[in-house]
>>> print(open('final38.csv').read())   # CSV, C-alpha atoms
chain,number,residue,atom,x,y,z
A,18,MET,CA,120.0,48.5,87.3
A,19,ASN,CA,122.7,46.2,88.7
A,20,ARG,CA,122.8,44.5,85.3
A,21,ILE,CA,123.3,47.8,83.6
A,22,ALA,CA,126.2,48.8,86.0
A,23,ASN,CA,127.8,45.4,85.2
A,24,ILE,CA,127.5,45.9,81.5
A,25,VAL,CA,128.9,49.4,81.7
A,26,ASN,CA,131.8,48.0,83.7
A,27,VAL,CA,132.6,45.4,81.1
A,28,VAL,CA,132.1,47.8,78.2
A,29,LEU,CA,134.6,50.2,79.9
A,30,PHE,CA,137.1,47.4,80.3
A,31,ILE,CA,136.7,46.2,76.7
A,32,GLY,CA,136.9,49.9,75.6
A,33,ALA,CA,140.2,50.2,77.5
A,34,VAL,CA,141.6,47.1,75.9
A,35,ALA,CA,140.6,48.4,72.4
A,36,SER,CA,142.1,51.8,73.1
A,37,PHE,CA,145.4,50.4,74.3
A,38,ALA,CA,145.6,48.2,71.1
A,39,LEU,CA,144.8,51.2,68.9
A,40,GLY,CA,147.5,53.2,70.8
A,41,VAL,CA,150.2,50.6,70.3
A,42,ARG,CA,149.2,50.1,66.7
A,43,ALA,CA,149.3,53.8,66.1
A,44,LEU,CA,152.9,53.9,67.3
A,45,GLY,CA,153.7,51.4,64.6
A,46,GLY,CA,151.9,53.6,62.1
A,47,ARG,CA,154.1,56.6,62.8
A,48,GLN,CA,151.1,58.4,64.4
A,49,ASP,CA,152.6,59.5,67.7
A,50,LEU,CA,149.8,62.0,68.6
A,51,SER,CA,147.2,59.4,67.8
A,52,ALA,CA,149.0,56.8,69.9
A,53,LEU,CA,149.2,59.1,72.9
A,54,TYR,CA,145.5,60.0,72.5
A,55,TRP,CA,144.4,56.3,72.5
A,56,LEU,CA,146.7,55.4,75.4
A,57,VAL,CA,145.2,58.2,77.5
A,58,VAL,CA,141.6,57.1,76.5
A,59,GLY,CA,142.5,53.6,77.5
A,60,ALA,CA,144.0,54.6,80.8
A,61,LEU,CA,140.9,56.6,81.7
A,62,SER,CA,138.5,53.8,80.7
A,63,LEU,CA,140.5,51.3,82.7
A,64,LYS,CA,140.5,53.6,85.7
A,65,ALA,CA,136.7,54.0,85.4
A,66,ALA,CA,136.2,50.3,85.1
A,67,VAL,CA,138.2,49.7,88.3
A,68,ASP,CA,136.6,52.6,90.2
A,69,MET,CA,133.2,51.2,89.6
A,70,LEU,CA,134.0,48.2,91.8
A,71,ARG,CA,134.9,50.2,94.8
A,72,PRO,CA,133.2,53.6,94.7
A,73,ARG,CA,134.9,56.0,97.1
A,74,SER,CA,131.6,57.2,98.6
A,75,ALA,CA,130.8,53.6,99.6
A,76,SER,CA,134.0,53.1,101.4
A,77,ARG,CA,133.8,56.2,103.5
B,13,MET,CA,142.9,16.3,135.9
B,14,ALA,CA,145.0,18.8,137.9
B,15,LEU,CA,147.8,18.4,135.4
B,16,GLU,CA,145.4,19.1,132.6
B,17,ALA,CA,144.0,22.2,134.4
B,18,ALA,CA,147.5,23.5,135.0
B,19,THR,CA,148.4,22.9,131.4
B,20,ALA,CA,145.3,24.7,130.3
B,21,ASN,CA,146.1,27.8,132.4
B,22,GLU,CA,149.6,28.0,131.1
B,23,PRO,CA,150.0,30.5,128.3
B,24,ALA,CA,150.6,28.9,124.9
B,25,PRO,CA,154.2,29.0,123.9
B,26,THR,CA,154.7,31.6,121.2
B,27,ARG,CA,156.5,30.3,118.1
B,28,GLN,CA,159.3,32.5,117.1
B,29,PRO,CA,160.2,32.4,113.5
B,30,VAL,CA,163.6,30.9,113.3
B,31,ALA,CA,165.9,31.9,110.4
B,32,PRO,CA,168.7,29.4,110.1
B,33,LEU,CA,172.0,30.3,108.4
B,34,SER,CA,170.9,28.6,105.2
B,35,ILE,CA,167.8,30.8,104.9
B,36,THR,CA,169.8,33.9,105.7
B,37,LEU,CA,172.4,33.0,103.0
B,38,LEU,CA,169.6,32.2,100.6
B,39,GLY,CA,168.0,35.6,101.3
B,40,HIS,CA,171.3,37.4,100.7
B,41,ALA,CA,171.8,35.4,97.4
B,42,ARG,CA,168.2,36.2,96.3
B,43,LEU,CA,169.0,39.9,96.6
B,44,LEU,CA,172.6,39.9,95.4
B,45,ILE,CA,172.8,37.4,92.4
B,46,PRO,CA,170.1,38.8,90.1
B,47,GLY,CA,171.3,42.4,90.8
B,48,LEU,CA,174.9,41.5,90.1
B,49,TYR,CA,173.9,39.7,86.9
B,50,ALA,CA,171.7,42.6,85.6
B,51,TRP,CA,174.3,45.2,86.6
B,52,SER,CA,177.2,43.4,85.0
B,53,LEU,CA,175.3,42.9,81.7
B,54,THR,CA,173.6,46.3,81.4
B,55,VAL,CA,175.5,48.8,83.4
B,56,LEU,CA,179.2,47.6,83.8
B,57,TYR,CA,179.6,46.2,80.3
B,58,PRO,CA,178.5,49.4,78.4
B,59,SER,CA,180.5,51.6,80.7
B,60,LEU,CA,183.7,49.7,80.0
B,61,GLN,CA,183.3,50.0,76.2
B,62,PRO,CA,185.8,52.2,74.4
B,63,GLY,CA,184.4,55.7,74.2
B,64,ALA,CA,182.5,55.5,77.4
B,65,SER,CA,183.2,58.5,79.7
B,66,LEU,CA,185.1,58.3,83.0
B,67,ALA,CA,181.9,59.5,84.8
B,68,SER,CA,180.0,56.5,83.5
B,69,LYS,CA,182.7,54.1,84.7
B,70,LEU,CA,182.8,55.7,88.2
B,71,LEU,CA,179.0,55.7,88.5
B,72,ALA,CA,178.7,52.1,87.3
B,73,LEU,CA,181.3,51.0,89.9
B,74,SER,CA,179.8,53.1,92.6
B,75,ALA,CA,176.5,51.2,92.2
B,76,LEU,CA,178.0,47.9,93.3
B,77,PRO,CA,178.7,48.8,97.0
B,78,PHE,CA,175.0,49.8,97.4
B,79,LEU,CA,173.9,46.4,96.2
B,80,ILE,CA,176.5,44.5,98.3
B,81,VAL,CA,175.7,46.1,101.6
B,82,SER,CA,171.9,46.1,101.2
B,83,PRO,CA,171.3,42.4,102.2
B,84,PHE,CA,173.1,42.9,105.5
B,85,PHE,CA,170.5,45.3,106.7
B,86,ALA,CA,167.6,43.4,105.3
B,87,ARG,CA,166.6,41.7,108.5
B,88,ASP,CA,167.1,44.4,111.2
B,89,ARG,CA,166.7,47.6,109.2
B,90,PRO,CA,164.7,46.8,106.1
B,91,GLY,CA,164.2,50.5,105.3
B,92,LEU,CA,167.9,51.1,105.1
B,93,SER,CA,168.4,48.0,103.1
B,94,ARG,CA,165.9,49.1,100.5
B,95,LEU,CA,167.4,52.6,100.5
B,96,PHE,CA,170.8,51.1,99.6
B,97,GLY,CA,169.6,48.2,97.4
B,98,ILE,CA,166.9,49.9,95.5
B,99,TYR,CA,167.3,53.7,95.5
B,100,GLY,CA,171.1,53.8,95.8
B,101,PHE,CA,171.8,50.9,93.4
B,102,LEU,CA,169.1,51.9,90.8
B,103,GLY,CA,169.9,55.6,91.1
B,104,THR,CA,173.6,55.2,90.4
B,105,SER,CA,172.9,52.6,87.7
B,106,ALA,CA,170.5,55.0,86.0
B,107,ALA,CA,173.0,57.8,86.3
B,108,ALA,CA,175.6,55.5,84.7
B,109,PHE,CA,173.2,54.8,81.9
B,110,VAL,CA,172.8,58.5,81.3
B,111,ALA,CA,176.5,59.1,81.4
B,112,VAL,CA,177.2,56.3,78.9
B,113,GLY,CA,175.1,58.2,76.4
B,114,PRO,CA,175.0,57.2,72.7
B,115,LEU,CA,176.7,53.9,73.4
B,116,LEU,CA,173.3,52.7,74.7
B,117,SER,CA,171.3,53.9,71.7
B,118,ALA,CA,168.9,51.4,70.1
B,119,GLU,CA,171.1,51.0,67.0
B,120,ARG,CA,174.1,49.9,69.1
B,121,LEU,CA,172.2,47.6,71.4
B,122,ASP,CA,173.1,43.9,71.4
B,123,PRO,CA,169.7,42.2,71.4
B,124,PRO,CA,170.6,39.0,73.2
B,125,ARG,CA,172.5,40.9,75.9
B,126,ALA,CA,169.7,43.4,76.3
B,127,ALA,CA,167.1,40.6,76.6
B,128,LEU,CA,169.2,38.7,79.1
B,129,GLY,CA,169.8,42.0,81.0
B,130,SER,CA,166.0,42.6,81.1
B,131,VAL,CA,165.5,39.1,82.6
B,132,GLY,CA,168.1,40.0,85.1
B,133,TRP,CA,166.3,43.1,86.2
B,134,VAL,CA,163.0,41.3,86.4
B,135,LEU,CA,164.7,38.7,88.7
B,136,TYR,CA,166.2,41.5,90.7
B,137,ALA,CA,162.7,43.1,91.2
B,138,PHE,CA,161.3,39.7,92.3
B,139,GLY,CA,164.2,39.3,94.7
B,140,TRP,CA,163.1,42.4,96.6
B,141,GLY,CA,159.6,40.9,97.1
B,142,ARG,CA,159.0,39.6,100.6
B,143,ALA,CA,158.2,36.0,101.1
B,144,ARG,CA,156.0,34.9,104.0
B,145,THR,CA,157.9,34.3,107.1
B,146,PRO,CA,157.7,30.8,108.7
B,147,GLY,CA,154.8,30.4,111.2
B,148,ASP,CA,151.1,31.2,111.2
B,149,PRO,CA,150.2,34.7,110.0
B,150,GLU,CA,147.5,34.8,112.7
B,151,ASP,CA,150.2,34.6,115.4
B,152,ASP,CA,151.7,37.9,114.4
B,153,PRO,CA,151.1,40.5,117.1
B,154,ASN,CA,150.3,43.1,114.4
B,155,VAL,CA,147.6,41.1,112.9
B,156,ILE,CA,144.4,43.1,112.2
B,157,GLN,CA,141.3,41.3,113.6
B,158,GLY,CA,138.4,41.0,111.3
B,159,ALA,CA,136.0,38.8,109.5
B,160,PRO,CA,137.6,35.7,108.1
B,161,LEU,CA,138.4,35.8,104.4
B,162,HIS,CA,136.4,33.8,102.0
B,163,PRO,CA,138.1,30.5,101.1
B,164,ARG,CA,139.3,29.9,97.6
B,165,GLY,CA,136.7,28.8,95.2
B,166,ARG,CA,136.0,28.5,91.5
B,167,LEU,CA,135.3,31.7,89.6
B,168,PRO,CA,132.0,32.1,87.9
B,169,VAL,CA,132.0,31.5,84.1
B,170,LYS,CA,131.6,35.2,83.3
B,171,SER,CA,134.6,36.1,85.4
B,172,SER,CA,136.7,33.3,83.9
B,173,LEU,CA,135.8,34.5,80.4
B,174,LEU,CA,136.8,38.1,81.3
B,175,LEU,CA,140.1,36.8,82.7
B,176,TRP,CA,140.8,34.7,79.6
B,177,PHE,CA,139.9,37.7,77.4
B,178,SER,CA,142.4,39.9,79.3
B,179,ILE,CA,145.1,37.2,79.1
B,180,LEU,CA,144.7,37.0,75.3
B,181,ALA,CA,144.5,40.8,75.0
B,182,ALA,CA,147.8,41.1,77.1
B,183,LEU,CA,149.5,38.6,74.7
B,184,GLY,CA,148.2,40.6,71.8
B,185,PHE,CA,149.7,43.8,73.3
B,186,LEU,CA,153.0,42.1,73.7
B,187,ALA,CA,152.9,41.0,70.0
B,188,LEU,CA,151.9,44.4,68.5
B,189,PRO,CA,155.2,46.2,69.0
B,190,PHE,CA,157.0,43.7,66.8
B,191,TRP,CA,155.4,45.5,63.8
B,192,VAL,CA,156.9,48.9,64.8
B,193,ASP,CA,159.7,49.5,62.3
B,194,ARG,CA,161.3,52.6,63.9
B,195,ARG,CA,163.9,51.4,66.4
B,196,GLU,CA,163.5,54.1,69.0
B,197,HIS,CA,159.8,53.9,68.8
B,198,ALA,CA,159.9,50.1,69.0
B,199,VAL,CA,161.5,50.3,72.4
B,200,LEU,CA,158.8,52.8,73.5
B,201,ALA,CA,156.1,50.6,72.0
B,202,HIS,CA,157.4,47.5,73.9
B,203,THR,CA,157.5,49.5,77.1
B,204,ALA,CA,154.0,50.9,76.5
B,205,SER,CA,152.6,47.5,75.6
B,206,VAL,CA,154.1,45.8,78.7
B,207,ALA,CA,152.5,48.6,80.8
B,208,CYS,CA,149.2,48.1,79.1
B,209,ALA,CA,149.3,44.4,79.4
B,210,LEU,CA,150.0,44.6,83.2
B,211,ALA,CA,147.3,47.2,83.7
B,212,VAL,CA,144.7,45.2,81.8
B,213,LEU,CA,145.6,42.0,83.7
B,214,GLY,CA,145.5,43.7,87.0
B,215,ALA,CA,142.1,45.4,86.3
B,216,ALA,CA,140.6,42.2,84.9
B,217,ALA,CA,141.7,40.2,88.0
B,218,GLU,CA,140.1,42.8,90.2
B,219,ILE,CA,136.9,42.9,88.2
B,220,ALA,CA,136.8,39.0,88.1
B,221,LEU,CA,137.4,38.6,91.8
B,222,GLU,CA,135.0,41.3,92.9
B,223,SER,CA,132.2,39.9,90.8
B,224,GLY,CA,133.1,36.4,91.8
B,225,THR,CA,133.0,36.8,95.6
B,226,PRO,CA,129.7,36.6,97.5
B,227,ARG,CA,130.3,40.1,99.0
B,228,GLU,CA,127.8,42.7,98.0
B,229,LEU,CA,129.0,45.5,95.7
B,230,ALA,CA,127.9,49.0,96.2
B,231,SER,CA,124.5,50.0,94.8
B,232,PRO,CA,124.4,50.4,91.0
B,233,ALA,CA,123.7,54.2,91.3
B,234,THR,CA,126.7,54.7,93.5
B,235,ARG,CA,128.9,52.7,91.1
B,236,LEU,CA,127.7,54.7,88.1
B,237,ASN,CA,128.1,58.0,90.0
B,238,ALA,CA,131.7,57.0,90.9
B,239,ILE,CA,132.7,57.0,87.2
B,240,ALA,CA,131.1,60.3,86.3
B,241,LEU,CA,134.4,62.2,86.1
B,242,PRO,CA,136.4,59.6,84.2
B,243,VAL,CA,133.5,59.1,81.7
B,244,ALA,CA,133.2,62.8,81.3
B,245,GLY,CA,136.9,62.9,80.5
B,246,ILE,CA,136.6,60.1,78.0
B,247,ALA,CA,133.6,61.8,76.3
B,248,LEU,CA,135.5,65.0,76.1
B,249,LEU,CA,138.5,63.2,74.6
B,250,LEU,CA,136.3,61.4,72.1
B,251,ALA,CA,134.6,64.7,71.1
B,252,LEU,CA,138.0,66.3,70.6
B,253,GLY,CA,139.2,63.4,68.6
B,254,LEU,CA,136.2,63.6,66.3
B,255,VAL,CA,136.6,67.3,65.8
B,256,PHE,CA,140.4,66.9,65.1
B,257,SER,CA,139.8,64.1,62.6
B,258,ALA,CA,137.0,66.1,60.9
B,259,LEU,CA,139.3,69.2,60.6
B,260,ARG,CA,142.2,67.2,59.2
>>> encode(input="final38.csv", output="structure tokens")
Amino acid sequence: MNRIANIVNVVLFIGAVASFALGVRALGGRQDLSALYWLVVGALSLKAAVDMLRPRSASR
Amino acid sequence: MALEAATANEPAPTRQPVAPLSITLLGHARLLIPGLYAWSLTVLYPSLQPGASLASKLLALSALPFLIVSPFFARDRPGLSRLFGIYGFLGTSAAAFVAVGPLLSAERLDPPRAALGSVGWVLYAFGWGRARTPGDPEDDPNVIQGAPLHPRGRLPVKSSLLLWFSILAALGFLALPFWVDRREHAVLAHTASVACALAVLGAAAEIALESGTPRELASPATRLNAIALPVAGIALLLALGLVFSALR
């Protein structure tokens, strides 16, 4: 189970990196809406990847 | 023996951090010089161009006193110093930027001056960072007692790989905007890519350090539950993206 959580963590991180890259690339391709979309997806993925390390319920 | 006992009973002399004049001057210069450099290149110069409004000139000049007075409060009243040196100086500089208007559009920017100005602002930001004061941190009366921190060690291979991946990704982000051909969008792309690179580096460092320390993480179920909301948001966005691309 711990291994699965670690894999999900890394997958979310790599997903965030890919989404950011797609977002910046879409800006160059004159697709502003698409760029915004991928940047938001990347931000959410990165937040999830970091939140997994210190879950709020564990720190309370 | 008696002398030793008396010495043992005496309270240990507290070491007060001493700030000689050279350190004080160095601290003032650290705050002043990068700010002056960035201000003169990116705020004063455009506002003195022919065609710049009087308001931009006045705002640009009014930023300078905020910067100059800020170091003098840095030691005794750091809050006031930051109010002047960061909020006052940056606020009036930003207002001057707005008042300059079209003279600062991407088409009329001088790339070397803009690049040097950016370096100046970066140095200004670093100047406001706080260096550790002389003396042992444990001697500080406000120190929070707790378990000693883990000493520095080598990261596990997996963490190192993740860190290197993030560094390469960050470099890739910084390279991507050079392919954006629209000038205004290129500036936005550079800003977005720097923000992405910083976010990815920060997150990777956190993940690498957390997985590399011997401290126990929360249980896997707790960790997976903690991301339910962001993952639901990601799933919703991906579903919307699929629907949008199918309809287009």
>>> closest_atom_pairs(input="final38.csv", of="chain B", to="chain A", cutoff="6 Å", atoms="only C-alpha atoms", output="JSON lines")
{"residue": "B:Val192", "atom": "CA", "partner": "A:Gly45", "partner_atom": "CA", "distance": 4.1}
{"residue": "B:Pro232", "atom": "CA", "partner": "A:Asn19", "partner_atom": "CA", "distance": 5.1}
{"residue": "B:Arg235", "atom": "CA", "partner": "A:Met69", "partner_atom": "CA", "distance": 4.8}
{"residue": "B:Ala238", "atom": "CA", "partner": "A:Pro72", "partner_atom": "CA", "distance": 5.3}
{"residue": "B:Ile239", "atom": "CA", "partner": "A:Ala65", "partner_atom": "CA", "distance": 5.3}
{"residue": "B:Pro242", "atom": "CA", "partner": "A:Ala65", "partner_atom": "CA", "distance": 5.7}
>>> atom_distance(input="final38.csv", atom1="atom CA of B:Ala75", atom2="atom CA of B:Ser105")
5.9 Å
>>> atom_distance(input="final38.csv", atom1="atom CA of B:Phe96", atom2="atom CA of B:Phe78")
4.9 Å
>>> residues_near_point(input="final38.csv", point="(171.2, 58.3, 90.7)", cutoff="12 Å", atoms="all atoms listed in the file", output="ChimeraX atom specification")
/B:68,71-72,74-75,78,95-96,98-111
>>> residues_around(input="final38.csv", residues="B:Tyr136", least_positions_apart="5", cutoff="7 Å", atoms="all atoms listed in the file", output="list of chain:residue names")
B:Leu43, B:Pro46, B:Gly47
>>> build_atoms(input="final38.csv", residues="stretch 38-60 of chain A", atoms="N, CA and C atoms", output="tab-separated table (two decimals), in the frame of the given file")
chain	number	residue	atom	x	y	z
A	38	ALA	N	145.11	48.84	72.39
A	38	ALA	CA	145.60	48.20	71.10
A	38	ALA	C	145.70	49.23	70.04
A	39	LEU	N	144.74	50.16	69.95
A	39	LEU	CA	144.80	51.20	68.90
A	39	LEU	C	146.05	52.09	69.16
A	40	GLY	N	146.33	52.36	70.46
A	40	GLY	CA	147.50	53.20	70.80
A	40	GLY	C	148.79	52.58	70.37
A	41	VAL	N	148.97	51.30	70.71
A	41	VAL	CA	150.20	50.60	70.30
A	41	VAL	C	150.33	50.47	68.83
A	42	ARG	N	149.17	50.22	68.17
A	42	ARG	CA	149.20	50.10	66.70
A	42	ARG	C	149.52	51.42	66.04
A	43	ALA	N	149.01	52.53	66.64
A	43	ALA	CA	149.30	53.80	66.10
A	43	ALA	C	150.78	54.17	66.17
A	44	LEU	N	151.44	53.66	67.21
A	44	LEU	CA	152.90	53.90	67.30
A	44	LEU	C	153.61	53.25	66.14
A	45	GLY	N	153.13	52.08	65.72
A	45	GLY	CA	153.70	51.40	64.60
A	45	GLY	C	153.41	52.12	63.27
A	46	GLY	N	152.29	52.84	63.26
A	46	GLY	CA	151.90	53.60	62.10
A	46	GLY	C	152.42	54.96	61.98
A	47	ARG	N	153.40	55.27	62.78
A	47	ARG	CA	154.10	56.60	62.80
A	47	ARG	C	153.06	57.72	63.11
A	48	GLN	N	152.08	57.43	63.96
A	48	GLN	CA	151.10	58.40	64.40
A	48	GLN	C	151.23	58.63	65.88
A	49	ASP	N	152.25	59.42	66.26
A	49	ASP	CA	152.60	59.50	67.70
A	49	ASP	C	151.46	60.19	68.50
A	50	LEU	N	150.88	61.26	67.91
A	50	LEU	CA	149.80	62.00	68.60
A	50	LEU	C	148.61	61.06	68.84
A	51	SER	N	148.30	60.34	67.78
A	51	SER	CA	147.20	59.40	67.80
A	51	SER	C	147.43	58.32	68.89
A	52	ALA	N	148.68	57.86	68.94
A	52	ALA	CA	149.00	56.80	69.90
A	52	ALA	C	148.84	57.34	71.34
A	53	LEU	N	149.33	58.56	71.57
A	53	LEU	CA	149.20	59.10	72.90
A	53	LEU	C	147.72	59.30	73.27
A	54	TYR	N	146.94	59.76	72.30
A	54	TYR	CA	145.50	60.00	72.50
A	54	TYR	C	144.83	58.66	72.93
A	55	TRP	N	145.06	57.57	72.18
A	55	TRP	CA	144.40	56.30	72.50
A	55	TRP	C	144.89	55.72	73.80
A	56	LEU	N	146.17	55.93	74.12
A	56	LEU	CA	146.70	55.40	75.40
A	56	LEU	C	146.03	56.12	76.58
A	57	VAL	N	145.83	57.45	76.42
A	57	VAL	CA	145.20	58.20	77.50
A	57	VAL	C	143.72	57.78	77.64
A	58	VAL	N	143.03	57.61	76.50
A	58	VAL	CA	141.60	57.10	76.50
A	58	VAL	C	141.55	55.77	77.21
A	59	GLY	N	142.49	54.89	76.87
A	59	GLY	CA	142.50	53.60	77.50
A	59	GLY	C	142.74	53.61	78.98
A	60	ALA	N	143.68	54.48	79.40
A	60	ALA	CA	144.00	54.60	80.80
A	60	ALA	C	142.74	55.08	81.59
